[in-house]
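Trainee: Got a file for you: entry-v5.cif, mmCIF, C-alpha atoms.
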data_query
#
loop_
_atom_site.group_PDB
_atom_site.id
_atom_site.type_symbol
_atom_site.label_atom_id
_atom_site.label_comp_id
_atom_site.auth_asym_id
_atom_site.auth_seq_id
_atom_site.Cartn_x
_atom_site.Cartn_y
_atom_site.Cartn_z
ATOM 1 C CA MET C 468 -70.267 -76.807 32.875
ATOM 2 C CA ALA C 469 -68.457 -74.072 30.939
ATOM 3 C CA ALA C 470 -64.722 -73.588 31.328
ATOM 4 C CA THR C 471 -63.514 -70.767 33.558
ATOM 5 C CA GLN C 472 -63.109 -67.606 31.523
ATOM 6 C CA ASN C 473 -59.571 -66.267 31.054
ATOM 7 C CA PHE C 474 -57.531 -64.270 28.546
ATOM 8 C CA ALA C 475 -57.107 -67.236 26.216
ATOM 9 C CA ASN C 476 -60.824 -68.014 25.907
ATOM 10 C CA HIS C 477 -62.653 -64.725 26.566
ATOM 11 C CA THR C 478 -63.219 -63.741 22.923
ATOM 12 C CA ARG C 479 -66.887 -64.073 22.024
ATOM 13 C CA TRP C 480 -67.671 -65.566 18.646
ATOM 14 C CA HIS C 481 -71.316 -65.498 17.658
ATOM 15 C CA PRO C 482 -71.516 -68.418 15.177
ATOM 16 C CA PRO C 483 -74.715 -67.370 13.361
ATOM 17 C CA PHE C 484 -73.184 -63.958 12.676
ATOM 18 C CA HIS C 485 -69.494 -64.764 12.209
ATOM 19 C CA PHE C 486 -69.850 -68.077 10.386
ATOM 20 C CA PHE C 487 -73.130 -67.658 8.505
ATOM 21 C CA VAL C 488 -74.311 -64.067 7.951
ATOM 22 C CA LEU C 489 -70.895 -62.534 7.204
ATOM 23 C CA PRO C 490 -69.801 -65.242 4.752
ATOM 24 C CA VAL C 491 -73.205 -65.275 3.025
ATOM 25 C CA MET C 492 -73.090 -61.505 2.497
ATOM 26 C CA LEU C 493 -69.559 -61.691 1.129
ATOM 27 C CA ILE C 494 -70.387 -64.610 -1.175
ATOM 28 C CA ASN C 495 -73.540 -62.788 -2.318
ATOM 29 C CA PHE C 496 -71.513 -59.720 -3.279
ATOM 30 C CA ILE C 497 -68.916 -61.773 -5.153
ATOM 31 C CA TRP C 498 -71.632 -63.809 -6.863
ATOM 32 C CA SER C 499 -73.435 -60.663 -7.993
ATOM 33 C CA ILE C 500 -70.222 -59.443 -9.645
ATOM 34 C CA VAL C 501 -69.714 -62.822 -11.345
ATOM 35 C CA GLN C 502 -73.307 -62.763 -12.639
ATOM 36 C CA PHE C 503 -72.865 -59.218 -13.949
ATOM 37 C CA VAL C 504 -69.625 -60.101 -15.737
ATOM 38 C CA MET C 505 -71.263 -63.145 -17.335
ATOM 39 C CA ALA C 506 -74.366 -61.233 -18.491
ATOM 40 C CA PRO C 507 -74.086 -57.442 -18.077
ATOM 41 C CA GLY C 508 -77.307 -55.567 -17.557
ATOM 42 C CA TRP C 509 -79.014 -52.923 -15.450
ATOM 43 C CA ASN C 510 -80.738 -55.429 -13.175
ATOM 44 C CA LEU C 511 -77.536 -57.309 -12.375
ATOM 45 C CA GLY C 512 -75.669 -54.018 -12.011
ATOM 46 C CA TRP C 513 -78.238 -52.866 -9.497
ATOM 47 C CA TRP C 514 -77.898 -56.197 -7.647
ATOM 48 C CA ILE C 515 -74.182 -55.438 -7.182
ATOM 49 C CA VAL C 516 -75.129 -52.137 -5.532
ATOM 50 C CA VAL C 517 -77.686 -53.828 -3.245
ATOM 51 C CA SER C 518 -75.223 -56.613 -2.396
ATOM 52 C CA LEU C 519 -72.552 -54.057 -1.539
ATOM 53 C CA ALA C 520 -75.011 -52.152 0.657
ATOM 54 C CA LEU C 521 -75.849 -55.361 2.527
ATOM 55 C CA LEU C 522 -72.170 -56.183 2.916
ATOM 56 C CA VAL C 523 -71.430 -52.701 4.304
ATOM 57 C CA LEU C 524 -74.452 -52.903 6.627
ATOM 58 C CA THR C 525 -73.496 -56.279 8.082
ATOM 59 C CA PRO C 526 -70.642 -55.111 10.391
ATOM 60 C CA PHE C 527 -72.872 -52.364 11.800
ATOM 61 C CA VAL C 528 -75.349 -55.001 12.955
ATOM 62 C CA ARG C 529 -72.589 -56.326 15.213
ATOM 63 C CA MET C 530 -70.677 -53.140 16.048
ATOM 64 C CA ASN C 531 -73.563 -50.938 17.200
ATOM 65 C CA PRO C 532 -74.636 -53.283 20.021
ATOM 66 C CA LEU C 533 -70.969 -53.624 21.032
ATOM 67 C CA LYS C 534 -70.660 -49.830 21.290
ATOM 68 C CA ALA C 535 -73.769 -49.707 23.476
ATOM 69 C CA GLN C 536 -72.319 -52.495 25.592
ATOM 70 C CA ASP C 537 -69.056 -50.552 25.991
ATOM 71 C CA ARG C 538 -71.006 -47.535 27.253
ATOM 72 C CA ILE C 539 -72.722 -49.706 29.840
ATOM 73 C CA ILE C 540 -69.416 -51.262 30.877
ATOM 74 C CA ARG C 541 -67.927 -47.767 31.264
ATOM 75 C CA LEU C 542 -70.801 -46.823 33.565
ATOM 76 C CA GLU C 543 -70.560 -50.049 35.579
ATOM 77 C CA GLU C 544 -66.814 -49.685 35.974
ATOM 78 C CA THR C 545 -67.097 -46.032 37.017
ATOM 79 C CA ILE C 546 -69.423 -47.107 39.830
ATOM 80 C CA ARG C 547 -67.102 -49.997 40.709
ATOM 81 C CA TYR C 548 -64.096 -47.631 40.837
ATOM 82 C CA GLN C 549 -65.934 -45.467 43.369
ATOM 83 C CA GLN C 550 -66.511 -48.511 45.562
ATOM 84 C CA VAL C 551 -63.086 -50.140 45.256
ATOM 85 C CA LEU C 552 -60.403 -47.543 44.463
ATOM 86 C CA SER C 553 -58.786 -44.827 46.526
ATOM 87 C CA PRO C 554 -59.728 -41.225 45.619
ATOM 88 C CA ALA C 555 -56.308 -40.568 44.058
ATOM 89 C CA VAL C 556 -56.602 -43.580 41.742
ATOM 90 C CA ILE C 557 -60.213 -42.695 40.883
ATOM 91 C CA GLN C 558 -58.922 -39.334 39.685
ATOM 92 C CA GLN C 559 -56.246 -41.085 37.575
ATOM 93 C CA ALA C 560 -58.924 -43.379 36.138
ATOM 94 C CA GLY C 561 -60.611 -40.335 34.608
ATOM 95 C CA ALA C 562 -57.896 -40.327 31.921
ATOM 96 C CA LEU C 563 -58.496 -43.931 30.828
ATOM 97 C CA THR C 564 -59.853 -44.635 27.364
ATOM 98 C CA VAL C 565 -63.020 -46.662 26.843
ATOM 99 C CA GLY C 566 -60.906 -49.551 25.524
ATOM 100 C CA GLN C 567 -58.779 -49.540 28.663
ATOM 101 C CA ILE C 568 -61.833 -49.441 30.919
ATOM 102 C CA VAL C 569 -63.423 -52.291 28.990
ATOM 103 C CA ALA C 570 -60.235 -54.349 29.384
ATOM 104 C CA LEU C 571 -59.984 -53.578 33.108
ATOM 105 C CA ARG C 572 -63.474 -54.970 33.750
ATOM 106 C CA PHE C 573 -61.911 -58.445 33.824
ATOM 107 C CA ALA C 574 -59.650 -57.564 36.779
ATOM 108 C CA ALA C 575 -60.697 -58.730 40.222
ATOM 109 C CA ASP C 576 -61.218 -56.054 42.878
ATOM 110 C CA ASP C 577 -58.024 -56.967 44.754
ATOM 111 C CA GLU C 578 -55.768 -56.114 41.800
ATOM 112 C CA LEU C 579 -57.805 -53.321 40.216
ATOM 113 C CA GLU C 580 -56.057 -50.418 41.946
ATOM 114 C CA GLU C 581 -52.610 -51.642 40.914
ATOM 115 C CA LEU C 582 -53.703 -52.157 37.302
ATOM 116 C CA VAL C 583 -55.503 -48.802 37.011
ATOM 117 C CA SER C 584 -52.370 -47.083 38.352
ATOM 118 C CA ALA C 585 -50.189 -48.961 35.852
ATOM 119 C CA VAL C 586 -52.474 -48.003 32.972
ATOM 120 C CA ALA C 587 -52.660 -44.362 34.091
ATOM 121 C CA ALA C 588 -48.849 -44.290 34.374
ATOM 122 C CA GLY C 589 -48.524 -45.566 30.812
ATOM 123 C CA LYS C 590 -47.005 -48.938 31.764
ATOM 124 C CA LEU C 591 -49.949 -50.723 30.151
ATOM 125 C CA ALA C 592 -51.679 -49.021 27.250
ATOM 126 C CA LYS C 593 -53.260 -51.533 24.907
ATOM 127 C CA PRO C 594 -56.357 -53.476 25.992
ATOM 128 C CA LYS C 595 -54.605 -56.743 25.103
ATOM 129 C CA ASP C 596 -51.658 -55.871 27.384
ATOM 130 C CA ILE C 597 -54.046 -54.967 30.202
ATOM 131 C CA LYS C 598 -55.939 -58.246 29.876
ATOM 132 C CA GLN C 599 -52.700 -60.239 29.840
ATOM 133 C CA ALA C 600 -51.547 -58.515 33.037
ATOM 134 C CA ILE C 601 -54.634 -59.624 34.952
ATOM 135 C CA LYS C 602 -53.870 -62.376 37.462
ATOM 136 C CA ASN C 603 -57.344 -62.989 38.915
ATOM 137 C CA TRP C 604 -59.723 -63.041 35.973
ATOM 138 C CA ARG C 605 -63.236 -61.748 36.628
ATOM 139 C CA ALA C 606 -65.488 -63.396 34.043
ATOM 140 C CA ASP C 607 -67.946 -61.416 31.948
ATOM 141 C CA THR C 608 -70.521 -63.842 30.607
ATOM 142 C CA PHE C 609 -73.224 -61.273 29.776
ATOM 143 C CA ARG C 610 -71.549 -59.946 26.647
ATOM 144 C CA VAL C 611 -73.216 -59.244 23.306
#
Could you rewrite the structure in this file as structure tokens?
Mentor:
Amino acid sequence: MAATQNFANHTRWHPPFHFFVLPVMLINFIWSIVQFVMAPGWNLGWWIVVSLALLVLTPFVRMNPLKAQDRIIRLEETIRYQQVLSPAVIQQAGALTVGQIVALRFAADDELEELVSAVAAGKLAKPKDIKQAIKNWRADTFRV
């Protein structure tokens, strides 16, 4: 059985991406430069360009799904706020950033109102600070 999710272990590492694809693309780019330096030519020069393009593309493969996920989380949390928070705090929640909303998704319903008020008042601003302030962690195991 998996460990209970909390601040210390909630970061999601995707081993095939983080420990295979990213390093391979970086090594490929470096290797293409080494090959070009050892034997300059148009073909090897072009391979540097292609390798750089692949290296630049690689983070987008991870970041675009995360941005879509953040939009879904924002929608889910907006609906949750309507069910759990008082009207005054819902109005305050309208000023929250996407990063703050994403961080607040880990808060259990019983502490959500207090945390949203603290964030809206500027007592907690950074997502990391918000996550650390959560007492009753609400796991999110459906992440990209």
Trainee: Run the PyMOL selection byres ((chain C and resi 471) around 12) on the file and write out the hits as a compact mmCIF listing (two decimals) with C-alpha atoms, in the coordinates of the input.
Mentor:
# COMPACT_ATOMS: atom_id res chain seq x y z
CA MET C 468 -70.27 -76.81 32.88
CA ALA C 469 -68.46 -74.07 30.94
CA ALA C 470 -64.72 -73.59 31.33
CA GLN C 472 -63.11 -67.61 31.52
CA ASN C 473 -59.57 -66.27 31.05
CA PHE C 474 -57.53 -64.27 28.55
CA ALA C 475 -57.11 -67.24 26.22
CA ASN C 476 -60.82 -68.01 25.91
CA HIS C 477 -62.65 -64.72 26.57
CA ASN C 603 -57.34 -62.99 38.92
CA TRP C 604 -59.72 -63.04 35.97
CA ARG C 605 -63.24 -61.75 36.63
CA ALA C 606 -65.49 -63.40 34.04
CA ASP C 607 -67.95 -61.42 31.95
CA THR C 608 -70.52 -63.84 30.61
Trainee: Applying 12 Å and all atoms listed in the file, which residues near C:Gln536 remain after dropping the ones on its own chain fewer than 2 positions away? List them as a count of residues only.
Mentor: 19
Trainee: Work out how far apart atom CA of C:Leu563 and atom CA of C:Arg479 are and give it in Å to one decimal.
Mentor: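 Distance between the two atoms: 23.5 Å.
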Trainee: Identify, on the basis of only C-alpha atoms, every residue whose closest approach to C:Phe484 does not exceed 12 Å; exclude the query and any residue fewer than 4 positions from it along the same chain; express the result as a PyMOL selection string.
Mentor: chain C and resi 479-480+488-492+525-530+611
Trainee: Mind pulling up the distance from atom CA of C:Lys593 to atom CA of C:Val523?
Mentor: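 Atom CA of C:Lys593 lies 27.5 Å from atom CA of C:Val523.
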Trainee: Translate the PyMOL selection byres ((chain C and resi 591) around 12) into a concrete residue list for this structure, as a compact mmCIF listing (two decimals) with C-alpha atoms, in the coordinates of the input.
Mentor:
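Generated output (part.txt):
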# COMPACT_ATOMS: atom_id res chain seq x y z
CA LEU C 563 -58.50 -43.93 30.83
CA THR C 564 -59.85 -44.64 27.36
CA GLY C 566 -60.91 -49.55 25.52
CA GLN C 567 -58.78 -49.54 28.66
CA ILE C 568 -61.83 -49.44 30.92
CA ALA C 570 -60.24 -54.35 29.38
CA LEU C 571 -59.98 -53.58 33.11
CA GLU C 581 -52.61 -51.64 40.91
CA LEU C 582 -53.70 -52.16 37.30
CA VAL C 583 -55.50 -48.80 37.01
CA SER C 584 -52.37 -47.08 38.35
CA ALA C 585 -50.19 -48.96 35.85
CA VAL C 586 -52.47 -48.00 32.97
CA ALA C 587 -52.66 -44.36 34.09
CA ALA C 588 -48.85 -44.29 34.37
CA GLY C 589 -48.52 -45.57 30.81
CA LYS C 590 -47.00 -48.94 31.76
CA ALA C 592 -51.68 -49.02 27.25
CA LYS C 593 -53.26 -51.53 24.91
CA PRO C 594 -56.36 -53.48 25.99
CA LYS C 595 -54.60 -56.74 25.10
CA ASP C 596 -51.66 -55.87 27.38
CA ILE C 597 -54.05 -54.97 30.20
CA LYS C 598 -55.94 -58.25 29.88
CA GLN C 599 -52.70 -60.24 29.84
CA ALA C 600 -51.55 -58.52 33.04
CA ILE C 601 -54.63 -59.62 34.95
Trainee: Go through C:Leu493, C:Ile515, C:Val551, C:Leu579 and flag the residue nearest C:Lys602, using only C-alpha atoms for the distances.
Mentor: C:Leu579
Trainee: Just to confirm, what's the straight-line distance from atom CA of C:Val516 to atom CA of C:Phe486 in Å (one decimal)?
Mentor: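 We find that atom CA of C:Val516 and atom CA of C:Phe486 lie 23.1 Å from each other.
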Trainee: What's around C:Phe503 at 12 Å? Count all atoms listed in the file, leave out sequence neighbours fewer than 5 positions away in its own chain, and write the answer as a list in words.
Mentor: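 So the residues in contact are Phe496, Ile497, Trp498, Gly508, Trp509, Asn510, Leu511, Gly512, Trp513, Trp514, Ile515 and Val516 of chain C.
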Trainee: Could you please take those selected residues and save C-alpha atoms as a JSON list (two decimals), in the coordinates of the input?
Mentor:
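And here's again32.json as it stands now:
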[["chain", "number", "residue", "atom", "x", "y", "z"],
["C", 496, "PHE", "CA", -71.51, -59.72, -3.28],
["C", 497, "ILE", "CA", -68.92, -61.77, -5.15],
["C", 498, "TRP", "CA", -71.63, -63.81, -6.86],
["C", 508, "GLY", "CA", -77.31, -55.57, -17.56],
["C", 509, "TRP", "CA", -79.01, -52.92, -15.45],
["C", 510, "ASN", "CA", -80.74, -55.43, -13.18],
["C", 511, "LEU", "CA", -77.54, -57.31, -12.38],
["C", 512, "GLY", "CA", -75.67, -54.02, -12.01],
["C", 513, "TRP", "CA", -78.24, -52.87, -9.50],
["C", 514, "TRP", "CA", -77.90, -56.20, -7.65],
["C", 515, "ILE", "CA", -74.18, -55.44, -7.18],
["C", 516, "VAL", "CA", -75.13, -52.14, -5.53]]
Trainee: Edge lengths and centre, in Å to one decimal, as JSON: that's what I need for the box along x, y and z that holds all listed atoms of stretch 550-568 of chain C plus 4 Å on each side.
Mentor:
{"center_x": -61.4, "center_y": -44.7, "center_z": 36.0, "size_x": 18.3, "size_y": 18.8, "size_z": 29.0}
Trainee: Measuring between only C-alpha atoms, which one of C:Thr478, C:Ser518, C:Thr545, C:Gln559 shows the shortest distance to C:Asn495?
Mentor: C:Ser518
Trainee: So, with only C-alpha atoms as the atoms that count, which of C:Ile494, C:Ile546, C:Val517, C:Ala535 lies closest to C:Arg572?
Mentor: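 Ranking C:Ile494, C:Ile546, C:Val517, C:Ala535 by distance to C:Arg572, first place goes to C:Ile546.
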Trainee: When you count only C-alpha atoms, which of these residues is closest to C:Val556: C:Leu522, C:Glu544, C:Asp537, C:Glu580?
Mentor: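 Among C:Leu522, C:Glu544, C:Asp537, C:Glu580, it is C:Glu580 that comes nearest to C:Val556.
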